[in-house]
$ cat coords.cif   # mmCIF, C-alpha atoms and all ligand atoms
data_input
loop_
_atom_site.label_atom_id
_atom_site.label_comp_id
_atom_site.auth_asym_id
_atom_site.auth_seq_id
_atom_site.Cartn_x
_atom_site.Cartn_y
_atom_site.Cartn_z
CA MET A 1 -87.51 -9.99 21.64
CA LEU A 2 -88.25 -7.70 18.75
CA ASN A 3 -91.80 -7.47 17.66
CA ARG A 4 -92.89 -7.14 14.01
CA ARG A 5 -92.97 -3.36 14.20
CA ASP A 6 -89.41 -3.14 15.63
CA LEU A 7 -88.16 -5.56 12.98
CA PHE A 8 -89.68 -3.39 10.29
CA LYS A 9 -87.96 -0.32 11.76
CA VAL A 10 -84.56 -2.05 11.79
CA SER A 11 -84.91 -3.30 8.20
CA VAL A 12 -85.99 0.16 6.96
CA GLY A 13 -83.08 1.66 8.89
CA ALA A 14 -80.67 -0.92 7.43
CA LEU A 15 -81.92 -0.35 3.93
CA THR A 16 -81.60 3.38 4.32
CA PHE A 17 -78.11 2.95 5.67
CA ALA A 18 -77.17 0.69 2.72
CA GLN A 19 -78.61 3.20 0.30
CA ARG A 20 -76.75 6.02 1.98
CA GLU A 21 -73.56 4.00 1.87
CA LEU A 22 -74.05 3.36 -1.84
CA ALA A 23 -74.78 7.02 -2.53
CA ALA A 24 -71.68 8.05 -0.59
CA GLN A 25 -69.53 5.57 -2.49
CA GLU A 26 -70.90 6.86 -5.78
CA LYS A 27 -70.09 10.42 -4.74
CA ILE A 28 -66.52 9.45 -3.92
CA ALA A 29 -66.22 7.53 -7.20
CA ARG A 30 -67.40 10.58 -9.12
CA ALA A 31 -65.03 12.86 -7.29
CA VAL A 32 -62.12 10.51 -7.92
CA ARG A 33 -62.86 9.28 -11.40
CA GLY A 34 -65.19 11.90 -12.86
CA LEU A 35 -68.52 11.24 -14.52
CA PRO A 36 -68.79 8.34 -16.93
CA SER A 37 -67.53 9.63 -20.25
CA PRO A 38 -69.92 10.25 -23.13
CA LYS A 39 -69.09 8.10 -26.15
CA ILE A 40 -68.49 9.18 -29.74
CA LYS A 41 -71.70 8.61 -31.66
CA ASP A 42 -70.90 10.21 -35.00
CA VAL A 43 -68.03 11.91 -36.84
CA SER A 44 -68.88 14.12 -39.80
CA VAL A 45 -67.22 16.74 -41.97
CA ILE A 46 -68.40 20.26 -42.76
CA ALA A 47 -66.77 21.28 -46.04
CA THR A 48 -67.31 24.97 -46.73
CA ALA A 49 -65.68 27.94 -48.47
CA PRO A 50 -67.43 31.14 -47.34
CA ALA A 51 -64.40 33.27 -48.24
CA GLY A 52 -63.51 31.30 -51.38
CA LEU A 53 -60.90 29.20 -49.54
CA ARG A 54 -61.76 25.56 -48.85
CA LEU A 55 -62.15 24.93 -45.11
CA VAL A 56 -62.56 21.51 -43.49
CA VAL A 57 -64.24 21.27 -40.09
CA VAL A 58 -64.80 17.98 -38.26
CA LYS A 59 -67.89 17.62 -36.07
CA ILE A 60 -68.01 14.97 -33.34
CA THR A 61 -71.41 14.14 -31.88
CA THR A 62 -71.69 12.22 -28.60
CA ASP A 63 -74.32 9.91 -27.14
CA GLN A 64 -75.15 12.68 -24.65
CA ASP A 65 -77.95 14.95 -25.87
CA GLY A 66 -76.69 18.30 -27.16
CA LEU A 67 -73.00 17.52 -26.53
CA TYR A 68 -70.81 17.89 -29.62
CA GLY A 69 -67.66 19.69 -30.74
CA TYR A 70 -65.85 21.12 -33.77
CA GLY A 71 -62.25 20.92 -34.92
CA CYS A 72 -60.27 22.41 -37.82
CA GLY A 73 -58.66 20.07 -40.34
CA THR A 74 -58.01 22.56 -43.13
CA PHE A 75 -55.42 21.70 -45.79
CA THR A 76 -56.87 23.98 -48.42
CA GLN A 77 -54.72 22.90 -51.37
CA ARG A 78 -55.92 19.27 -51.03
CA ALA A 79 -59.08 19.87 -48.98
CA ASP A 80 -61.15 17.20 -50.73
CA LEU A 81 -58.73 14.48 -49.60
CA VAL A 82 -59.16 15.24 -45.90
CA VAL A 83 -62.89 14.49 -46.12
CA PRO A 84 -62.58 10.71 -46.87
CA ALA A 85 -59.62 10.45 -44.47
CA VAL A 86 -62.08 11.45 -41.72
CA GLU A 87 -65.22 9.72 -42.98
CA LYS A 88 -63.79 6.43 -44.25
CA TYR A 89 -60.93 5.84 -41.81
CA LEU A 90 -61.22 7.82 -38.57
CA LYS A 91 -65.00 7.63 -38.17
CA PRO A 92 -65.34 3.80 -37.99
CA PHE A 93 -62.24 3.71 -35.78
CA LEU A 94 -63.71 6.23 -33.33
CA ILE A 95 -67.39 5.33 -32.94
CA GLY A 96 -68.04 4.21 -29.35
CA LYS A 97 -64.75 5.56 -27.94
CA PRO A 98 -64.99 7.73 -24.78
CA VAL A 99 -64.60 11.44 -25.60
CA ASP A 100 -62.64 12.24 -22.45
CA ARG A 101 -59.49 10.43 -23.61
CA ILE A 102 -58.11 13.10 -25.91
CA GLU A 103 -54.45 12.15 -25.64
CA ASP A 104 -55.18 8.44 -25.99
CA ILE A 105 -57.38 9.03 -29.06
CA TRP A 106 -54.72 11.24 -30.64
CA ASN A 107 -52.11 8.50 -30.28
CA ALA A 108 -54.50 5.81 -31.50
CA ASN A 109 -55.43 7.87 -34.58
CA TYR A 110 -51.81 8.73 -35.29
CA ASN A 111 -50.64 5.13 -35.16
CA SER A 112 -53.65 3.59 -36.87
CA SER A 113 -52.45 4.42 -40.39
CA TYR A 114 -49.01 2.86 -39.75
CA TRP A 115 -47.48 5.37 -42.22
CA ARG A 116 -47.89 8.77 -40.64
CA ASN A 117 -46.94 12.45 -40.52
CA GLY A 118 -48.49 13.32 -43.85
CA PRO A 119 -50.48 16.53 -44.30
CA VAL A 120 -53.80 14.86 -45.20
CA LEU A 121 -53.84 12.49 -42.23
CA ASN A 122 -52.43 15.03 -39.77
CA ASN A 123 -55.22 17.46 -40.68
CA ALA A 124 -57.86 14.74 -40.29
CA ILE A 125 -56.42 13.90 -36.85
CA SER A 126 -56.41 17.60 -35.95
CA GLY A 127 -60.11 17.91 -36.80
CA VAL A 128 -60.88 15.12 -34.33
CA ASP A 129 -58.43 16.39 -31.69
CA GLN A 130 -59.76 19.95 -31.65
CA ALA A 131 -63.38 18.69 -31.64
CA LEU A 132 -62.60 16.64 -28.50
CA TRP A 133 -61.09 19.72 -26.79
CA ASP A 134 -64.23 21.65 -27.73
CA ILE A 135 -66.36 18.90 -26.15
CA LYS A 136 -64.25 18.88 -22.98
CA GLY A 137 -64.64 22.64 -22.68
CA ARG A 138 -68.38 22.39 -23.16
CA GLN A 139 -68.55 19.65 -20.50
CA ALA A 140 -66.55 21.76 -18.07
CA ASN A 141 -68.55 24.86 -19.02
CA MET A 142 -65.23 26.62 -19.61
CA PRO A 143 -63.35 28.00 -22.61
CA VAL A 144 -60.48 25.70 -23.60
CA TYR A 145 -57.85 28.21 -22.42
CA GLN A 146 -59.01 27.51 -18.85
CA LEU A 147 -58.28 23.80 -19.33
CA LEU A 148 -54.71 24.69 -20.36
CA GLY A 149 -54.04 26.59 -17.14
CA GLY A 150 -55.63 29.97 -17.84
CA LYS A 151 -54.42 33.15 -19.48
CA VAL A 152 -50.95 34.60 -19.14
CA ARG A 153 -51.94 37.64 -21.27
CA GLU A 154 -55.18 39.38 -22.15
CA ALA A 155 -55.14 38.90 -25.93
CA ALA A 156 -52.91 37.98 -28.87
CA ASP A 157 -50.90 40.78 -30.46
CA CYS A 158 -51.31 40.36 -34.23
CA TYR A 159 -49.78 41.40 -37.53
CA GLY A 160 -51.69 42.34 -40.65
CA HIS A 161 -50.64 41.78 -44.28
CA SER A 162 -49.59 44.91 -46.19
CA ASP A 163 -49.02 44.55 -49.88
CA GLY A 164 -48.88 46.51 -53.09
CA ALA A 165 -47.59 46.51 -56.64
CA ASP A 166 -45.06 49.20 -55.63
CA PHE A 167 -43.51 50.67 -52.45
CA ALA A 168 -46.08 53.48 -52.12
CA GLN A 169 -49.00 51.03 -52.25
CA THR A 170 -47.43 48.73 -49.67
CA ILE A 171 -46.69 51.62 -47.32
CA GLU A 172 -50.23 52.94 -47.77
CA SER A 173 -51.56 49.48 -46.92
CA ALA A 174 -49.31 49.30 -43.81
CA LYS A 175 -50.58 52.69 -42.64
CA LYS A 176 -54.15 51.39 -42.74
CA TRP A 177 -53.25 48.62 -40.29
CA ILE A 178 -51.38 51.06 -38.06
CA GLU A 179 -54.41 53.40 -38.06
CA GLN A 180 -56.49 50.46 -36.79
CA GLY A 181 -54.10 50.10 -33.87
CA PHE A 182 -51.75 47.38 -35.14
CA ARG A 183 -48.15 47.44 -33.91
CA PHE A 184 -46.90 44.75 -36.33
CA VAL A 185 -47.20 44.70 -40.14
CA ARG A 186 -45.95 42.24 -42.72
CA VAL A 187 -44.69 44.08 -45.81
CA GLN A 188 -44.60 42.49 -49.28
CA VAL A 189 -44.14 44.26 -52.62
CA GLY A 190 -44.70 43.10 -56.17
CA VAL A 191 -41.90 42.85 -58.70
CA PRO A 192 -43.05 44.30 -62.05
CA GLY A 193 -44.23 41.48 -64.26
CA MET A 194 -43.40 38.78 -61.74
CA ALA A 195 -45.45 36.53 -59.52
CA GLY A 196 -44.27 37.72 -56.10
CA TYR A 197 -45.63 36.18 -52.92
CA GLY A 198 -48.25 38.15 -50.94
CA SER A 199 -48.18 41.07 -53.37
CA ARG A 200 -49.76 42.39 -56.52
CA ARG A 201 -48.12 41.84 -59.88
CA GLY A 202 -49.10 45.01 -61.75
CA GLU A 203 -49.53 45.18 -65.51
CA ALA A 204 -45.92 44.77 -66.66
CA GLN A 205 -44.77 41.69 -68.57
CA VAL A 206 -41.34 40.07 -68.52
CA LYS A 207 -39.80 38.06 -71.32
CA ALA A 208 -39.53 34.35 -70.53
CA LEU A 209 -39.17 30.98 -72.26
CA HIS A 210 -42.69 30.02 -71.14
CA SER A 211 -46.04 31.76 -70.85
CA GLY A 212 -46.82 31.06 -67.16
CA PRO A 213 -46.07 33.09 -64.00
CA VAL A 214 -42.41 34.14 -63.68
CA PHE A 215 -40.27 34.60 -60.57
CA GLU A 216 -36.58 35.49 -60.34
CA PRO A 217 -35.14 35.22 -56.81
CA GLY A 218 -32.30 37.76 -57.20
CA VAL A 219 -34.57 40.50 -58.54
CA TYR A 220 -37.06 39.84 -55.74
CA ILE A 221 -34.42 40.04 -52.97
CA ARG A 222 -33.04 43.38 -54.17
CA ARG A 223 -36.55 44.84 -54.34
CA ALA A 224 -37.49 43.49 -50.90
CA LEU A 225 -34.42 45.12 -49.33
CA LYS A 226 -35.40 48.44 -50.92
CA LEU A 227 -38.91 47.95 -49.52
CA PHE A 228 -37.53 47.56 -45.98
CA GLU A 229 -35.57 50.80 -46.39
CA GLU A 230 -38.60 52.69 -47.72
CA SER A 231 -40.88 51.21 -45.03
CA ARG A 232 -38.54 52.24 -42.22
CA LYS A 233 -38.34 55.77 -43.67
CA ALA A 234 -42.12 56.09 -44.00
CA LEU A 235 -43.32 54.17 -40.95
CA GLY A 236 -40.58 54.94 -38.43
CA ASP A 237 -38.59 52.77 -36.05
CA ASP A 238 -41.37 51.85 -33.64
CA ILE A 239 -43.41 49.69 -35.99
CA GLU A 240 -42.43 46.04 -36.10
CA LEU A 241 -41.83 44.97 -39.70
CA LEU A 242 -42.15 41.35 -40.85
CA HIS A 243 -41.52 39.76 -44.23
CA ASP A 244 -42.27 36.35 -45.78
CA VAL A 245 -39.76 34.93 -48.27
CA HIS A 246 -42.02 31.91 -48.82
CA GLU A 247 -38.89 29.79 -49.35
CA ARG A 248 -38.55 31.05 -52.94
CA VAL A 249 -34.82 31.67 -53.05
CA ALA A 250 -31.72 29.47 -53.21
CA PRO A 251 -30.27 28.64 -49.76
CA ILE A 252 -27.14 30.77 -50.12
CA GLN A 253 -29.27 33.68 -51.36
CA ALA A 254 -31.31 33.31 -48.16
CA VAL A 255 -28.08 33.62 -46.14
CA GLN A 256 -27.14 36.82 -48.00
CA PHE A 257 -30.70 38.19 -47.72
CA ALA A 258 -30.82 37.66 -43.95
CA LYS A 259 -27.42 39.37 -43.57
CA ASP A 260 -28.39 42.34 -45.74
CA ALA A 261 -31.76 42.70 -43.94
CA GLU A 262 -30.14 42.76 -40.48
CA LYS A 263 -29.81 46.56 -40.34
CA PHE A 264 -33.58 47.03 -40.81
CA LYS A 265 -34.26 45.15 -37.56
CA LEU A 266 -37.17 43.06 -38.82
CA PHE A 267 -39.38 41.48 -36.18
CA PHE A 268 -38.90 38.40 -38.31
CA LEU A 269 -37.86 37.14 -41.71
CA GLU A 270 -40.15 34.21 -42.45
CA ASP A 271 -39.43 30.99 -44.32
CA ALA A 272 -36.12 32.17 -45.71
CA LEU A 273 -35.41 28.47 -46.35
CA SER A 274 -37.60 25.55 -47.30
CA PRO A 275 -37.97 22.49 -45.03
CA GLU A 276 -35.63 20.64 -47.41
CA ASP A 277 -32.83 23.16 -46.71
CA ILE A 278 -33.12 23.73 -42.96
CA ALA A 279 -29.47 22.85 -42.34
CA TYR A 280 -28.61 26.26 -43.85
CA PHE A 281 -30.14 27.94 -40.79
CA ARG A 282 -26.86 27.21 -39.01
CA MET A 283 -25.07 29.29 -41.64
CA ILE A 284 -27.49 32.21 -41.28
CA ARG A 285 -27.15 32.11 -37.49
CA GLN A 286 -23.35 32.19 -37.68
CA GLN A 287 -23.44 35.35 -39.79
CA CYS A 288 -26.20 37.63 -38.50
CA ALA A 289 -28.82 38.25 -35.83
CA THR A 290 -31.83 38.77 -38.11
CA GLN A 291 -34.82 37.30 -36.29
CA LEU A 292 -36.06 34.19 -38.04
CA ALA A 293 -39.47 32.53 -38.25
CA MET A 294 -39.94 29.12 -39.78
CA GLY A 295 -42.29 26.24 -40.01
CA GLU A 296 -45.65 26.70 -41.71
CA LEU A 297 -44.89 23.69 -43.94
CA PHE A 298 -43.81 21.40 -41.11
CA ASN A 299 -45.72 18.16 -40.52
CA SER A 300 -43.45 16.12 -38.32
CA PRO A 301 -41.52 16.58 -35.05
CA HIS A 302 -38.42 15.37 -36.90
CA GLU A 303 -38.43 18.63 -38.84
CA TRP A 304 -38.59 21.21 -36.08
CA ARG A 305 -36.69 19.60 -33.19
CA PRO A 306 -33.13 20.56 -34.25
CA LEU A 307 -34.19 24.12 -35.10
CA ILE A 308 -35.44 24.55 -31.54
CA THR A 309 -32.78 22.63 -29.58
CA GLU A 310 -29.94 24.33 -31.48
CA ARG A 311 -31.70 27.72 -31.18
CA LEU A 312 -31.48 28.23 -34.94
CA ILE A 313 -34.78 30.12 -35.22
CA ASP A 314 -36.64 32.60 -33.03
CA PHE A 315 -40.26 31.84 -33.90
CA ILE A 316 -41.91 28.50 -34.62
CA ARG A 317 -44.62 28.99 -37.18
CA ILE A 318 -46.47 25.74 -37.56
CA HIS A 319 -49.96 25.47 -39.11
CA VAL A 320 -51.66 23.95 -36.05
CA SER A 321 -53.88 21.50 -37.95
CA GLN A 322 -50.92 20.43 -40.09
CA CYS A 323 -49.03 19.06 -37.10
CA GLY A 324 -52.11 17.19 -35.81
CA GLY A 325 -54.05 19.72 -33.73
CA LEU A 326 -54.00 21.39 -30.34
CA SER A 327 -52.56 18.38 -28.48
CA PRO A 328 -49.22 18.25 -30.34
CA ALA A 329 -49.09 22.06 -30.74
CA ARG A 330 -49.23 22.66 -26.99
CA LYS A 331 -46.37 20.22 -26.53
CA ILE A 332 -44.32 21.97 -29.22
CA ILE A 333 -44.74 25.37 -27.60
CA ALA A 334 -43.91 24.01 -24.15
CA PHE A 335 -40.81 22.37 -25.65
CA ALA A 336 -39.83 25.61 -27.43
CA GLU A 337 -40.19 27.54 -24.16
CA GLN A 338 -37.23 25.62 -22.75
CA PHE A 339 -35.03 26.99 -25.54
CA GLY A 340 -36.29 30.58 -25.72
CA VAL A 341 -38.11 30.05 -29.02
CA ARG A 342 -41.46 31.84 -29.34
CA SER A 343 -44.66 31.14 -31.26
CA ALA A 344 -46.03 32.72 -34.43
CA TRP A 345 -48.69 30.19 -35.47
CA HIS A 346 -49.65 30.21 -39.14
CA GLY A 347 -52.91 32.18 -39.31
CA PRO A 348 -53.96 32.98 -42.88
CA GLY A 349 -57.45 32.69 -44.43
CA ASP A 350 -57.01 28.97 -44.98
CA VAL A 351 -57.44 28.31 -41.27
CA SER A 352 -61.10 28.08 -40.18
CA PRO A 353 -62.33 30.28 -37.30
CA ILE A 354 -62.27 27.11 -35.15
CA GLY A 355 -58.57 26.70 -36.00
CA HIS A 356 -57.94 30.38 -35.25
CA MET A 357 -59.58 29.94 -31.84
CA ALA A 358 -57.28 26.98 -31.16
CA GLN A 359 -54.20 29.05 -31.93
CA ILE A 360 -55.36 32.15 -30.03
CA THR A 361 -55.97 29.79 -27.11
CA LEU A 362 -52.30 28.79 -27.36
CA ASP A 363 -51.31 32.46 -27.73
CA VAL A 364 -52.98 33.53 -24.51
CA THR A 365 -51.81 30.54 -22.47
CA ALA A 366 -48.15 30.12 -23.55
CA PRO A 367 -45.55 32.30 -21.79
CA ASN A 368 -43.40 32.17 -24.94
CA PHE A 369 -45.93 33.71 -27.33
CA GLY A 370 -44.36 35.86 -30.04
CA VAL A 371 -46.97 37.26 -32.43
CA GLN A 372 -50.09 36.01 -34.22
CA GLU A 373 -50.77 36.24 -37.96
CA TYR A 374 -54.19 37.81 -38.50
CA SER A 375 -56.75 37.35 -41.26
CA PRO A 376 -60.08 39.14 -41.06
CA PHE A 377 -63.34 37.11 -41.29
CA ASN A 378 -65.75 38.26 -43.97
CA GLU A 379 -69.54 38.44 -43.41
CA ARG A 380 -70.19 35.04 -44.93
CA THR A 381 -67.58 33.42 -42.70
CA GLN A 382 -69.19 35.00 -39.65
CA GLU A 383 -72.59 33.79 -40.83
CA VAL A 384 -71.29 30.19 -40.92
CA PHE A 385 -69.07 30.41 -37.81
CA GLN A 386 -70.98 32.22 -35.08
CA GLY A 387 -68.82 33.46 -32.23
CA CYS A 388 -65.57 34.17 -34.13
CA PRO A 389 -62.70 35.62 -32.07
CA VAL A 390 -62.86 39.42 -31.91
CA MET A 391 -60.19 41.86 -33.15
CA LYS A 392 -59.67 45.18 -31.34
CA GLU A 393 -56.79 47.55 -32.09
CA GLY A 394 -54.49 44.80 -33.29
CA TYR A 395 -55.29 42.41 -30.44
CA TRP A 396 -57.25 39.22 -31.08
CA TYR A 397 -59.45 38.10 -28.19
CA VAL A 398 -60.65 34.56 -27.48
CA ASN A 399 -64.34 33.88 -27.27
CA GLU A 400 -65.20 33.38 -23.60
CA ALA A 401 -68.00 30.84 -24.22
CA PRO A 402 -67.39 27.15 -23.32
CA GLY A 403 -65.14 25.09 -25.60
CA TRP A 404 -64.07 27.11 -28.63
CA GLY A 405 -67.22 29.22 -28.16
CA ILE A 406 -68.14 28.84 -31.82
CA GLU A 407 -71.33 27.36 -33.29
CA VAL A 408 -71.34 26.27 -36.92
CA ASP A 409 -74.50 26.99 -38.92
CA GLU A 410 -74.44 23.95 -41.19
CA LYS A 411 -77.22 25.28 -43.43
CA ALA A 412 -75.24 28.45 -44.03
CA ALA A 413 -72.08 26.37 -44.60
CA ALA A 414 -73.88 24.41 -47.33
CA LYS A 415 -74.56 27.65 -49.22
CA TYR A 416 -70.81 27.98 -49.82
CA PRO A 417 -69.59 24.57 -51.02
CA PHE A 418 -66.04 23.85 -52.16
CA GLY A 419 -65.48 25.85 -55.34
CA PHE A 420 -67.48 28.85 -54.14
CA GLY A 421 -65.75 32.05 -55.24
CA GLU A 422 -63.03 30.18 -57.14
CA ASN A 423 -62.19 31.02 -60.71
CA GLY A 424 -59.46 30.45 -63.27
CA GLU A 425 -56.67 28.05 -62.41
CA ARG A 426 -57.81 27.51 -58.82
CA LYS A 427 -61.16 26.28 -60.02
CA THR A 428 -59.59 24.00 -62.63
CA LEU A 429 -57.21 22.60 -59.99
CA ASN A 430 -59.97 21.94 -57.44
CA GLY A 431 -58.71 24.65 -55.10
CA GLY A 432 -55.06 23.67 -55.59
CA TRP A 433 -52.17 25.90 -56.60
CA GLY A 434 -50.60 26.15 -60.04
CA GLU A 435 -46.94 26.49 -60.90
CA ILE A 436 -44.36 29.29 -60.95
CA ARG A 437 -41.14 29.12 -62.97
CA ARG A 438 -37.98 31.11 -63.49
CA LYS A 439 -37.57 32.82 -66.88
CA ASP A 440 -35.80 29.77 -68.29
CA GLY A 441 -38.63 27.45 -67.23
CA THR A 442 -37.18 26.03 -63.99
CA ILE A 443 -39.92 25.34 -61.42
CA ILE A 444 -39.54 27.15 -58.10
CA LYS A 445 -40.71 26.21 -54.61
CA GLN A 446 -43.82 28.05 -53.47
MG MG B 501 -45.85 32.30 -44.69
#

$ encode --input "coords.cif" --output "C-alpha cells"
Amino acid sequence: MLNRRDLFKVSVGALTFAQRELAAQEKIARAVRGLPSPKIKDVSVIATAPAGLRLVVVKITTDQDGLYGYGCGTFTQRADLVVPAVEKYLKPFLIGKPVDRIEDIWNANYNSSYWRNGPVLNNAISGVDQALWDIKGRQANMPVYQLLGGKVREAADCYGHSDGADFAQTIESAKKWIEQGFRFVRVQVGVPGMAGYGSRRGEAQVKALHSGPVFEPGVYIRRALKLFEESRKALGDDIELLHDVHERVAPIQAVQFAKDAEKFKLFFLEDALSPEDIAYFRMIRQQCATQLAMGELFNSPHEWRPLITERLIDFIRIHVSQCGGLSPARKIIAFAEQFGVRSAWHGPGDVSPIGHMAQITLDVTAPNFGVQEYSPFNERTQEVFQGCPVMKEGYWYVNEAPGWGIEVDEKAAAKYPFGFGENGERKTLNGGWGEIRRKDGTIIKQ
C-alpha cells in the first residue's frame, strides 16, 4: 500500500516525466520544423533620391520585436508608380503572412495581379522578396550569401564607366579607373552635337528638322569603332574594354557593328539589339565571336530563355528588381550556368545599395559570374544607407553583417525626397526620360 507521501512522490515524478516528455517533443518539433515563423505586420515604402535618382525601398516589419528587412524595388523612370503598387495592393495581401515562406509569397504576389511581368509590379514584388531575404538572414544571424550556399569567390570584379566628349577625355577617364585598380572599363564617347549614350555631348550643334536631342546611328557606330582603336592603343591589350550600344541602332547595323568590333576583342558589347529585335542575335552569332551582353530591359522569362538555351549571348544583364528580385534572379543564373552563360547584373546608380547588395550576393555565390557594373555611392547615399558594400581596387565586397547588412536611416532618407537634385526635363517629367530623335524627327529607342 502506498501512503500519502509515496503517492505524492509518484505524482510529482509523473508530472515531471510528462513535462520532460513535452519539452523533448517540443525540441524535436523545433529541430524538424524550425521556430514558429514571425508574421508580416507592416509593409511600407521608403522613397528617396540622395544622389538625384529616385530609389524605391520596401520595408517589411514583423510581429517580432526588432525584426524587419529591406528590399529594392527601383524603377527610376516610373518610381512613383511602384509606391502605390506596394502600399495599395501588396501590403493588404501580405499582412499576417509568415515571413519564412519567401518562395510561396513570391508566387502568390506574382499571380495575384492576374496580368503580370510588367516593370512596375515586378519591382514591387522585388522589394518584398528582397526584404524577406534580409529578414531570413537577420533571423539566421548570417549574411544572405551564406543562405545561398556560401561564397565561390572573395569579391565581385567590377567595371567603371569611362566617358568623354572626345577620345582623349574618354581615355583619360579610363586611366583614372585603372589607377584605382580596375581591370575592366566601359568606354563611351560623345558624338559632336549629338545625344550619345553614357557620354558628354560637347558644345557643337547639328542641323535637324526639330530642336530636341539628335542621334544618328551610323555616325555613332563609326565613332565608337574609332574609340575602340584609340582605347586599345592607349590602354594596351590587358585591359578589358566594354561598350554599351543601348539598343540605339537598327538591327542590321548592330550585326555589322559586332562584326567590325570583333578585332578589338571587347569583353562585351552590350545591348546591341533591343528586346523587340532579339531574333537578330542569331545573325550576329553566325557571323562573329564578339562577346555579347544583353538584358537590362528584360522583365519576363519569355524574353531571355531562348537567348540562353541557344547560347546566343555570353552575359545575362538583367536589372535584378525588374525581374522580380533575388528569388527569380538566382534561378536565372543557375539556369544560365547550364549553358555557359555568365552574369553581368545591371548595376547603375538607379539601383539602391540594397539592390546592389542583392546582386553582389549573386556575384559571389554563382560559379558563372562574369563581371559587375559599378556605380559609386555618394556621401548622401551612404548617410541614408549605412553599411553599403565596399569597393577596393576594382573589387566590390559584400557586407558581412546579417541579412543585407544595411540599415536605412529613414530620417536621412526623408531629407532627399523624389525630385531632389533634379532639374530641367527630368524634373518636369517626374524623374522620367525625355525623347531623342534622328535628324528627320524619327524617334529612336533609348
Ligand atoms: Mg546598359

$ residues_near_ligand --input "coords.cif" --ligand "ligand MG 501 (chain B)" --cutoff "10 Å" --atoms "only C-alpha atoms and all ligand atoms" --output "PyMOL selection string"
chain A and resi 197-198+243-247+269-272+293-297+317-319+345-348+373+446

$ closest_residue --input "coords.cif" --among "A:Val341, A:Ile252, A:Leu121, A:Leu67" --to "A:Ala140" --atoms "all atoms listed in the file"
A:Leu67

$ residues_around --input "coords.cif" --residues "A:Gly387" --least-positions-apart "2" --cutoff "12 Å" --atoms "all atoms listed in the file" --output "PyMOL selection string"
chain A and resi 353-354+356-357+377+381-385+389-390+397-409

$ residues_around --input "coords.cif" --residues "A:Val206" --least-positions-apart "4" --cutoff "9 Å" --atoms "only C-alpha atoms" --output "JSON, numbers by chain"
{"A": [192, 193, 194, 214, 439]}

$ write_last_selection --input "coords.cif" --atoms "C-alpha atoms" --output "PDB file, in the frame of the given file"
ATOM      1  CA  PRO A 192     -43.050  44.300 -62.050  1.00  0.00           C
ATOM      2  CA  GLY A 193     -44.230  41.480 -64.260  1.00  0.00           C
ATOM      3  CA  MET A 194     -43.400  38.780 -61.740  1.00  0.00           C
ATOM      4  CA  VAL A 214     -42.410  34.140 -63.680  1.00  0.00           C
ATOM      5  CA  LYS A 439     -37.570  32.820 -66.880  1.00  0.00           C
TER       6      LYS A 439
END

$ closest_residue --input "coords.cif" --among "A:Val99, A:Val320, A:Leu148, A:Ile178" --to "A:Phe75" --atoms "all atoms listed in the file"
A:Val320

$ residues_around --input "coords.cif" --residues "A:Thr361" --least-positions-apart "2" --cutoff "10 Å" --atoms "only C-alpha atoms" --output "JSON, numbers by chain"
{"A": [143, 144, 145, 146, 148, 150, 151, 155, 156, 326, 330, 355, 356, 357, 358, 359, 363, 364, 365, 366, 397, 398, 399, 404]}

$ axis_aligned_box --input "coords.cif" --around "stretch 256-265 of chain A" --padding-each-side "4 Å" --output "AutoDock Vina command-line options"
--center_x -30.7 --center_y 41.9 --center_z -42.8 --size_x 15.1 --size_y 18.2 --size_z 18.4

$ atom_distance --input "coords.cif" --atom1 "atom CA of A:Val152" --atom2 "atom CA of A:Val351"
23.9 Å

$ closest_residue --input "coords.cif" --among "A:Leu81, A:Ala24, A:Leu132, A:Ala165" --to "A:Thr62" --atoms "all atoms listed in the file"
A:Leu132

$ residues_around --input "coords.cif" --residues "A:Gln139" --least-positions-apart "2" --cutoff "10 Å" --atoms "only C-alpha atoms" --output "PDB file with C-alpha atoms, in the frame of the given file"
ATOM      1  CA  PRO A  38     -69.920  10.250 -23.130  1.00  0.00           C
ATOM      2  CA  LEU A  67     -73.000  17.520 -26.530  1.00  0.00           C
ATOM      3  CA  TYR A  68     -70.810  17.890 -29.620  1.00  0.00           C
ATOM      4  CA  ASP A 100     -62.640  12.240 -22.450  1.00  0.00           C
ATOM      5  CA  TRP A 133     -61.090  19.720 -26.790  1.00  0.00           C
ATOM      6  CA  ASP A 134     -64.230  21.650 -27.730  1.00  0.00           C
ATOM      7  CA  ILE A 135     -66.360  18.900 -26.150  1.00  0.00           C
ATOM      8  CA  LYS A 136     -64.250  18.880 -22.980  1.00  0.00           C
ATOM      9  CA  GLY A 137     -64.640  22.640 -22.680  1.00  0.00           C
ATOM     10  CA  ASN A 141     -68.550  24.860 -19.020  1.00  0.00           C
ATOM     11  CA  MET A 142     -65.230  26.620 -19.610  1.00  0.00           C
ATOM     12  CA  PRO A 402     -67.390  27.150 -23.320  1.00  0.00           C
ATOM     13  CA  GLY A 403     -65.140  25.090 -25.600  1.00  0.00           C
TER      14      GLY A 403
END

$ residues_around --input "coords.cif" --residues "stretch 418-423 of chain A" --least-positions-apart "3" --cutoff "7 Å" --atoms "only C-alpha atoms" --output "PDB file with C-alpha atoms, in the frame of the given file"
ATOM      1  CA  ALA A  47     -66.770  21.280 -46.040  1.00  0.00           C
ATOM      2  CA  THR A  48     -67.310  24.970 -46.730  1.00  0.00           C
ATOM      3  CA  ALA A  49     -65.680  27.940 -48.470  1.00  0.00           C
ATOM      4  CA  GLY A  52     -63.510  31.300 -51.380  1.00  0.00           C
ATOM      5  CA  ARG A  54     -61.760  25.560 -48.850  1.00  0.00           C
ATOM      6  CA  ARG A 426     -57.810  27.510 -58.820  1.00  0.00           C
ATOM      7  CA  LYS A 427     -61.160  26.280 -60.020  1.00  0.00           C
ATOM      8  CA  GLY A 431     -58.710  24.650 -55.100  1.00  0.00           C
TER       9      GLY A 431
END

$ atom_distance --input "coords.cif" --atom1 "atom CA of A:Trp106" --atom2 "atom CA of A:Asp65"
24.0 Å

$ closest_residue --input "coords.cif" --among "A:Glu276, A:Asp42, A:Glu203, A:Glu103" --to "A:Val191" --atoms "only C-alpha atoms"
A:Glu203

$ atom_distance --input "coords.cif" --atom1 "atom CA of A:Gln64" --atom2 "atom CA of A:Lys41"
8.8 Å

$ closest_residue --input "coords.cif" --among "A:Lys415, A:His210, A:Arg342, A:Arg20" --to "A:Leu292" --atoms "all atoms listed in the file"
A:Arg342
